[in-house]
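Asker: My questions will all concern the structure given below.
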Amino acid sequence: MRKLSFSHSIRNLGRMRMSPLCSFTRRLPHPRGSHTAVSTFIPPCPPLDPEKVKELQRFILLSKRLLVMTGAGVSTESGIPDYRSEKVGLYARTDRRPIQHVDFVRSAKIRQRYWARNFVGWPQFSSHQPNAAHLTLSSWERLGKLYWLVTQNVDALHTKAGSRRLTELHGCMHRVLCLHCGVQTPRQALQDRFEALNATWEAKAHGVAPDGDVFLTEDQVRSFQVPSCAKCGGPLKPDVVFFGDTVNHDKVDFVHMRVKEADAILVVGSSLQVYSGYKFILAAHEEKLPIAILNIGPTRSDQFACLKLDFRCAELLPLITPQ
Ligand SMILES: [Zn+2]
């Protein structure tokens, strides 16, 4: 009964939009850029506000079945740039745009360019380590605080941090999928095949994208040899959802079930611009779940949140005592 009453009270937070907790969370203007970013990829944000920390602390303590959804913002402090952040995201800094699923599937030439860049970027991309935010979420799982973790990231940093109750909504760059027979293989094994086939090939990387892509010239790409599936000879693709593709229905249904079972949602480091993640926040809003959002800059769901925090994930999350 005790569990039920807590569950009831945290669910009520979602309805109490003008409650004492939520009345502090109107989007007050704050001085942008007053906090010096330690990394090129982290947008400027204000220093931590102790009152806001207390509000998140209360939110976390009230929840008994917390679902956390993370996005690129949780990994920027591990040195992986995001696409959308103002001034520091790849969209703002470069003319790079993510690869489209339909282009990858239809064109061997586009796959060659993709894999050449991905091969060069892999050693750096795969070496990134989880930061304090990933590690905190993993510790919340071990303590029974975190009910389920959904990530939009493909960088495997939650897995590296030890999270197991995890759905990788858009897949993971550390796995490779055959487009014909569907067999999955580790990405590192493909790297070994690339190296064997391209022993004399050399190229210089000029920055790594969130999906492990790098910048190369057409000349560099042309001579790159791409292996095919060792089992059937089919074309290989990272086991990730490219733009223009859709998330597998079973996975979507699975996450919807976890949202229904949860009693509160915490969004960490996502602007929720991509619909595949946003729709779960819409569903949580319809379920009247309380929603807290920790993200530097506005998100597509700020109007649904009873608590909005514009701070660095790896700075704020470790300050929270989960129990
Ligand atoms: Zn195959």
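FYI, nothing fancy with the structure tokens labels: chains A, B, ... in order, residues from 1 per chain, ligands from 1 as they appear.
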Go through chain A residue by residue and, counting only C-alpha atoms and all ligand atoms, keep those with an atom at most 7 Å from ligand 1; for each kept residue give the shortest atom pair and its distance in Å to one decimal, ordered by chain and increasing number, as JSON lines.

Answerer:
```
{"residue": "A:Cys178", "atom": "CA", "partner": "ligand 1", "partner_atom_place_in_ligand_line": "1 (Zn)", "distance": 4.6}
{"residue": "A:Leu179", "atom": "CA", "partner": "ligand 1", "partner_atom_place_in_ligand_line": "1 (Zn)", "distance": 6.6}
{"residue": "A:His180", "atom": "CA", "partner": "ligand 1", "partner_atom_place_in_ligand_line": "1 (Zn)", "distance": 5.1}
{"residue": "A:Cys181", "atom": "CA", "partner": "ligand 1", "partner_atom_place_in_ligand_line": "1 (Zn)", "distance": 4.0}
{"residue": "A:Gly182", "atom": "CA", "partner": "ligand 1", "partner_atom_place_in_ligand_line": "1 (Zn)", "distance": 5.9}
{"residue": "A:Val183", "atom": "CA", "partner": "ligand 1", "partner_atom_place_in_ligand_line": "1 (Zn)", "distance": 5.7}
{"residue": "A:Cys229", "atom": "CA", "partner": "ligand 1", "partner_atom_place_in_ligand_line": "1 (Zn)", "distance": 4.6}
{"residue": "A:Ala230", "atom": "CA", "partner": "ligand 1", "partner_atom_place_in_ligand_line": "1 (Zn)", "distance": 6.7}
{"residue": "A:Lys231", "atom": "CA", "partner": "ligand 1", "partner_atom_place_in_ligand_line": "1 (Zn)", "distance": 5.1}
{"residue": "A:Cys232", "atom": "CA", "partner": "ligand 1", "partner_atom_place_in_ligand_line": "1 (Zn)", "distance": 4.1}
{"residue": "A:Gly233", "atom": "CA", "partner": "ligand 1", "partner_atom_place_in_ligand_line": "1 (Zn)", "distance": 5.7}
{"residue": "A:Gly234", "atom": "CA", "partner": "ligand 1", "partner_atom_place_in_ligand_line": "1 (Zn)", "distance": 4.8}
```

Asker: Store the residues picked out above, limited to N, CA and C atoms, as a compact mmCIF listing (two decimals), in the first residue's frame.

Answerer:
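This is the output file result_24.txt:
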```
# COMPACT_ATOMS: atom_id res chain seq x y z
N CYS A 178 23.53 -7.15 -41.63
CA CYS A 178 23.50 -7.44 -43.06
C CYS A 178 22.11 -7.08 -43.59
N LEU A 179 22.06 -6.28 -44.65
CA LEU A 179 20.77 -5.84 -45.20
C LEU A 179 20.02 -6.98 -45.88
N HIS A 180 20.71 -8.07 -46.24
CA HIS A 180 20.04 -9.20 -46.89
C HIS A 180 19.61 -10.27 -45.90
N CYS A 181 20.56 -10.81 -45.12
CA CYS A 181 20.21 -11.95 -44.25
C CYS A 181 19.96 -11.53 -42.81
N GLY A 182 20.25 -10.29 -42.46
CA GLY A 182 19.92 -9.78 -41.13
C GLY A 182 20.88 -10.20 -40.03
N VAL A 183 21.95 -10.91 -40.37
CA VAL A 183 22.88 -11.36 -39.33
C VAL A 183 23.57 -10.14 -38.70
N CYS A 229 28.78 -8.99 -46.39
CA CYS A 229 28.44 -9.97 -45.35
C CYS A 229 29.21 -11.27 -45.56
N ALA A 230 29.89 -11.76 -44.54
CA ALA A 230 30.69 -12.97 -44.66
C ALA A 230 29.80 -14.20 -44.85
N LYS A 231 28.53 -14.09 -44.49
CA LYS A 231 27.63 -15.24 -44.57
C LYS A 231 26.94 -15.31 -45.93
N CYS A 232 26.43 -14.17 -46.44
CA CYS A 232 25.63 -14.22 -47.67
C CYS A 232 26.11 -13.27 -48.77
N GLY A 233 27.10 -12.44 -48.48
CA GLY A 233 27.59 -11.50 -49.50
C GLY A 233 26.78 -10.23 -49.61
N GLY A 234 25.79 -10.05 -48.74
CA GLY A 234 24.92 -8.87 -48.80
C GLY A 234 25.63 -7.62 -48.28
```

Asker: Find, counting only C-alpha atoms, the residue in A:His249, A:Arg58, A:Lys145, A:His134 that gets nearest to Ala262 (chain A).

Answerer: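 Among A:His249, A:Arg58, A:Lys145, A:His134, it is A:Lys145 that comes nearest to Ala262 (chain A).
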
Asker: Using only C-alpha atoms, which of A:Leu157, A:Ile80, A:Val241, A:Ala133 sits nearest Val176 (chain A)?

Answerer: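 Nearest to Val176 (chain A): A:Val241.
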
Asker: As an NGL selection string, please: every residue in region 57-287 of chain A that DSSP puts in helix (DSSP H, G or I).

Answerer: :A and (57-62 or 72-74 or 76-78 or 90-93 or 101-106 or 108-125 or 132-142 or 157-161 or 187-197 or 218-222 or 249-261 or 275-286)

Asker: Find, counting only C-alpha atoms, the residue in A:Phe59, A:Phe125, A:Trp140, A:Phe41 that gets nearest to Leu307 (chain A).

Answerer: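 With only C-alpha atoms as the atom set, the closest residue is A:Phe59.
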
Asker: Give me, please, the distance in Å between CA of Ser270 (chain A) and CA of Arg164 (chain A), quoted to one decimal.

Answerer: 20.5 Å

Asker: Please determine, counting only C-alpha atoms, which residue among A:Lys109, A:His174, A:Arg300, A:Arg258 has the shortest atom-to-atom distance to Leu149 (chain A).

Answerer: A:Arg258

Asker: Pick from A:Ala314, A:Ala116, A:Ile291, A:Val68: nearest to Leu216 (chain A), with only C-alpha atoms counted?

Answerer: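 The answer is A:Ala116, which sits nearest to Leu216 (chain A).
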
Asker: Identify, on the basis of only C-alpha atoms, every residue whose closest approach to Leu169 (chain A) does not exceed 12 Å; exclude the query and any residue fewer than 6 positions from it along the same chain; express the result as a short mmCIF file (atom, residue, chain, number, x, y, z; two decimals) with N, CA and C atoms, in the first residue's frame.

Answerer:
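Once everything was written out, this is result13.cif:
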```
data_model
loop_
_atom_site.label_atom_id
_atom_site.label_comp_id
_atom_site.auth_asym_id
_atom_site.auth_seq_id
_atom_site.Cartn_x
_atom_site.Cartn_y
_atom_site.Cartn_z
N MET A 69 14.77 8.96 -20.31
CA MET A 69 15.08 8.96 -21.74
C MET A 69 16.25 9.90 -21.99
N THR A 70 17.29 9.40 -22.63
CA THR A 70 18.48 10.24 -22.88
C THR A 70 18.67 10.49 -24.37
N GLY A 71 19.36 11.60 -24.65
CA GLY A 71 19.70 11.96 -26.02
C GLY A 71 21.15 12.42 -26.10
N LEU A 149 15.59 2.53 -18.93
CA LEU A 149 16.35 3.58 -19.59
C LEU A 149 16.15 3.45 -21.10
N VAL A 150 15.75 4.53 -21.73
CA VAL A 150 15.59 4.54 -23.18
C VAL A 150 16.57 5.58 -23.71
N THR A 151 17.42 5.19 -24.65
CA THR A 151 18.35 6.18 -25.20
C THR A 151 18.14 6.33 -26.69
N GLN A 152 18.31 7.56 -27.14
CA GLN A 152 18.29 7.84 -28.58
C GLN A 152 19.71 7.78 -29.14
N ASN A 153 20.68 7.57 -28.28
CA ASN A 153 22.09 7.57 -28.70
C ASN A 153 22.51 6.20 -29.23
N VAL A 154 23.51 6.23 -30.10
CA VAL A 154 23.99 4.99 -30.72
C VAL A 154 25.45 4.73 -30.33
N ASP A 155 25.91 5.37 -29.25
CA ASP A 155 27.33 5.38 -28.90
C ASP A 155 27.75 4.31 -27.89
N ALA A 156 26.79 3.53 -27.39
CA ALA A 156 27.06 2.43 -26.44
C ALA A 156 27.56 2.91 -25.08
N ASP A 239 24.01 -1.20 -37.28
CA ASP A 239 22.70 -1.56 -36.72
C ASP A 239 22.09 -0.35 -36.02
N VAL A 240 21.89 0.70 -36.83
CA VAL A 240 21.30 1.92 -36.29
C VAL A 240 20.19 2.38 -37.24
N VAL A 241 19.28 3.17 -36.68
CA VAL A 241 18.20 3.72 -37.49
C VAL A 241 18.69 5.03 -38.09
N PHE A 242 18.90 5.03 -39.40
CA PHE A 242 19.31 6.26 -40.07
C PHE A 242 18.09 7.17 -40.22
N THR A 246 12.44 3.94 -39.95
CA THR A 246 11.58 3.94 -38.77
C THR A 246 12.08 2.93 -37.74
N VAL A 247 11.76 3.19 -36.49
CA VAL A 247 12.14 2.27 -35.42
C VAL A 247 11.23 1.05 -35.51
N ASN A 248 11.83 -0.12 -35.35
CA ASN A 248 11.13 -1.40 -35.34
C ASN A 248 9.88 -1.37 -34.43
N HIS A 249 8.74 -1.89 -34.97
CA HIS A 249 7.46 -1.80 -34.24
C HIS A 249 7.51 -2.47 -32.88
N ASP A 250 8.16 -3.64 -32.81
CA ASP A 250 8.23 -4.37 -31.53
C ASP A 250 8.95 -3.52 -30.48
N LYS A 251 9.99 -2.84 -30.92
CA LYS A 251 10.74 -2.01 -29.99
C LYS A 251 9.88 -0.83 -29.51
N VAL A 252 9.13 -0.24 -30.43
CA VAL A 252 8.24 0.87 -30.07
C VAL A 252 7.19 0.40 -29.07
N ASP A 253 6.57 -0.76 -29.35
CA ASP A 253 5.55 -1.30 -28.43
C ASP A 253 6.17 -1.57 -27.06
N PHE A 254 7.37 -2.12 -27.06
CA PHE A 254 8.06 -2.44 -25.81
C PHE A 254 8.26 -1.18 -24.97
N VAL A 255 8.70 -0.11 -25.61
CA VAL A 255 8.94 1.14 -24.86
C VAL A 255 7.61 1.74 -24.38
N HIS A 256 6.59 1.64 -25.21
CA HIS A 256 5.26 2.13 -24.77
C HIS A 256 4.80 1.40 -23.50
N VAL A 274 13.33 14.74 -32.56
CA VAL A 274 13.07 13.56 -33.39
C VAL A 274 11.81 12.88 -32.88
N TYR A 275 10.86 12.63 -33.79
CA TYR A 275 9.55 12.16 -33.38
C TYR A 275 9.60 10.80 -32.68
N SER A 276 10.56 9.95 -33.08
CA SER A 276 10.61 8.60 -32.50
C SER A 276 10.83 8.65 -30.99
N GLY A 277 11.46 9.70 -30.48
CA GLY A 277 11.60 9.85 -29.04
C GLY A 277 10.48 10.68 -28.46
N TYR A 278 10.11 11.72 -29.17
CA TYR A 278 9.08 12.67 -28.72
C TYR A 278 7.75 11.96 -28.47
N PHE A 280 7.02 9.18 -27.20
CA PHE A 280 6.89 8.55 -25.88
C PHE A 280 6.62 9.61 -24.80
#
```

Asker: Have a look at A:Thr200, A:Thr167, A:Ser271, A:Thr136 and name the one nearest to Thr321 (chain A); count only C-alpha atoms.

Answerer: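 That would be A:Thr136, the residue with the smallest distance to Thr321 (chain A).
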
Asker: Show me, as a PyMOL selection string, the residues that have an atom within 12 Å of Val226 (chain A) when counting only C-alpha atoms, minus same-chain residues fewer than 4 positions from it.

Answerer: chain A and resi 108-119+190-198+201+221-222+230+233-237

Asker: Can I get the selected residues back with N, CA and C atoms, as a CSV table (one decimal), in the first residue's frame?

Answerer:
```
chain,number,residue,atom,x,y,z
A,108,ALA,N,25.6,1.8,-53.8
A,108,ALA,CA,26.8,1.2,-53.3
A,108,ALA,C,27.9,2.3,-53.1
A,109,LYS,N,27.8,3.3,-54.0
A,109,LYS,CA,28.8,4.4,-53.9
A,109,LYS,C,28.6,5.2,-52.6
A,110,ILE,N,27.4,5.4,-52.2
A,110,ILE,CA,27.1,6.1,-50.9
A,110,ILE,C,27.5,5.3,-49.8
A,111,ARG,N,27.3,4.0,-49.9
A,111,ARG,CA,27.8,3.1,-48.8
A,111,ARG,C,29.3,3.1,-48.7
A,112,GLN,N,30.0,3.1,-49.8
A,112,GLN,CA,31.4,3.2,-49.8
A,112,GLN,C,31.9,4.5,-49.1
A,113,ARG,N,31.3,5.6,-49.4
A,113,ARG,CA,31.7,6.9,-48.8
A,113,ARG,C,31.4,6.8,-47.3
A,114,TYR,N,30.2,6.3,-47.0
A,114,TYR,CA,29.9,6.2,-45.5
A,114,TYR,C,30.9,5.3,-44.8
A,115,TRP,N,31.2,4.1,-45.3
A,115,TRP,CA,32.0,3.2,-44.6
A,115,TRP,C,33.5,3.7,-44.5
A,116,ALA,N,33.9,4.4,-45.6
A,116,ALA,CA,35.3,4.9,-45.6
A,116,ALA,C,35.4,5.9,-44.4
A,117,ARG,N,34.5,6.8,-44.3
A,117,ARG,CA,34.5,7.8,-43.2
A,117,ARG,C,34.3,7.1,-41.9
A,118,ASN,N,33.4,6.2,-41.8
A,118,ASN,CA,33.2,5.5,-40.6
A,118,ASN,C,34.4,4.7,-40.1
A,119,PHE,N,35.1,4.1,-41.1
A,119,PHE,CA,36.3,3.3,-40.7
A,119,PHE,C,37.4,4.3,-40.1
A,190,LEU,N,34.3,-5.9,-38.0
A,190,LEU,CA,34.3,-5.3,-39.4
A,190,LEU,C,35.6,-4.4,-39.5
A,191,GLN,N,36.0,-3.7,-38.5
A,191,GLN,CA,37.1,-2.9,-38.5
A,191,GLN,C,38.4,-3.7,-38.9
A,192,ASP,N,38.4,-4.9,-38.4
A,192,ASP,CA,39.6,-5.8,-38.7
A,192,ASP,C,39.5,-6.2,-40.2
A,193,ARG,N,38.3,-6.4,-40.7
A,193,ARG,CA,38.2,-6.7,-42.2
A,193,ARG,C,38.6,-5.5,-43.0
A,194,PHE,N,38.1,-4.3,-42.6
A,194,PHE,CA,38.5,-3.1,-43.3
A,194,PHE,C,40.0,-3.0,-43.4
A,195,GLU,N,40.6,-3.2,-42.3
A,195,GLU,CA,42.1,-3.0,-42.2
A,195,GLU,C,42.8,-4.0,-43.1
A,196,ALA,N,42.3,-5.2,-43.2
A,196,ALA,CA,42.9,-6.2,-44.0
A,196,ALA,C,42.8,-5.9,-45.5
A,197,LEU,N,41.6,-5.4,-45.9
A,197,LEU,CA,41.3,-5.0,-47.3
A,197,LEU,C,42.0,-3.7,-47.7
A,198,ASN,N,42.3,-2.8,-46.7
A,198,ASN,CA,42.7,-1.5,-47.1
A,198,ASN,C,44.1,-1.2,-46.4
A,201,TRP,N,45.7,1.9,-47.7
A,201,TRP,CA,44.8,3.1,-47.8
A,201,TRP,C,45.1,4.0,-46.6
A,221,VAL,N,37.9,8.6,-50.8
A,221,VAL,CA,36.8,7.6,-50.7
A,221,VAL,C,36.9,6.6,-51.8
A,222,ARG,N,37.3,7.1,-53.0
A,222,ARG,CA,37.1,6.2,-54.2
A,222,ARG,C,37.9,4.9,-54.1
A,230,ALA,N,29.9,-11.8,-44.5
A,230,ALA,CA,30.7,-13.0,-44.7
A,230,ALA,C,29.8,-14.2,-44.9
A,233,GLY,N,27.1,-12.4,-48.5
A,233,GLY,CA,27.6,-11.5,-49.5
A,233,GLY,C,26.8,-10.2,-49.6
A,234,GLY,N,25.8,-10.1,-48.7
A,234,GLY,CA,24.9,-8.9,-48.8
A,234,GLY,C,25.6,-7.6,-48.3
A,235,PRO,N,25.0,-6.4,-48.6
A,235,PRO,CA,25.6,-5.2,-48.1
A,235,PRO,C,25.5,-5.0,-46.6
A,236,LEU,N,26.5,-4.4,-45.9
A,236,LEU,CA,26.5,-4.2,-44.5
A,236,LEU,C,26.1,-2.8,-44.1
A,237,LYS,N,25.4,-2.7,-43.0
A,237,LYS,CA,24.9,-1.4,-42.5
A,237,LYS,C,25.1,-1.4,-41.0
```
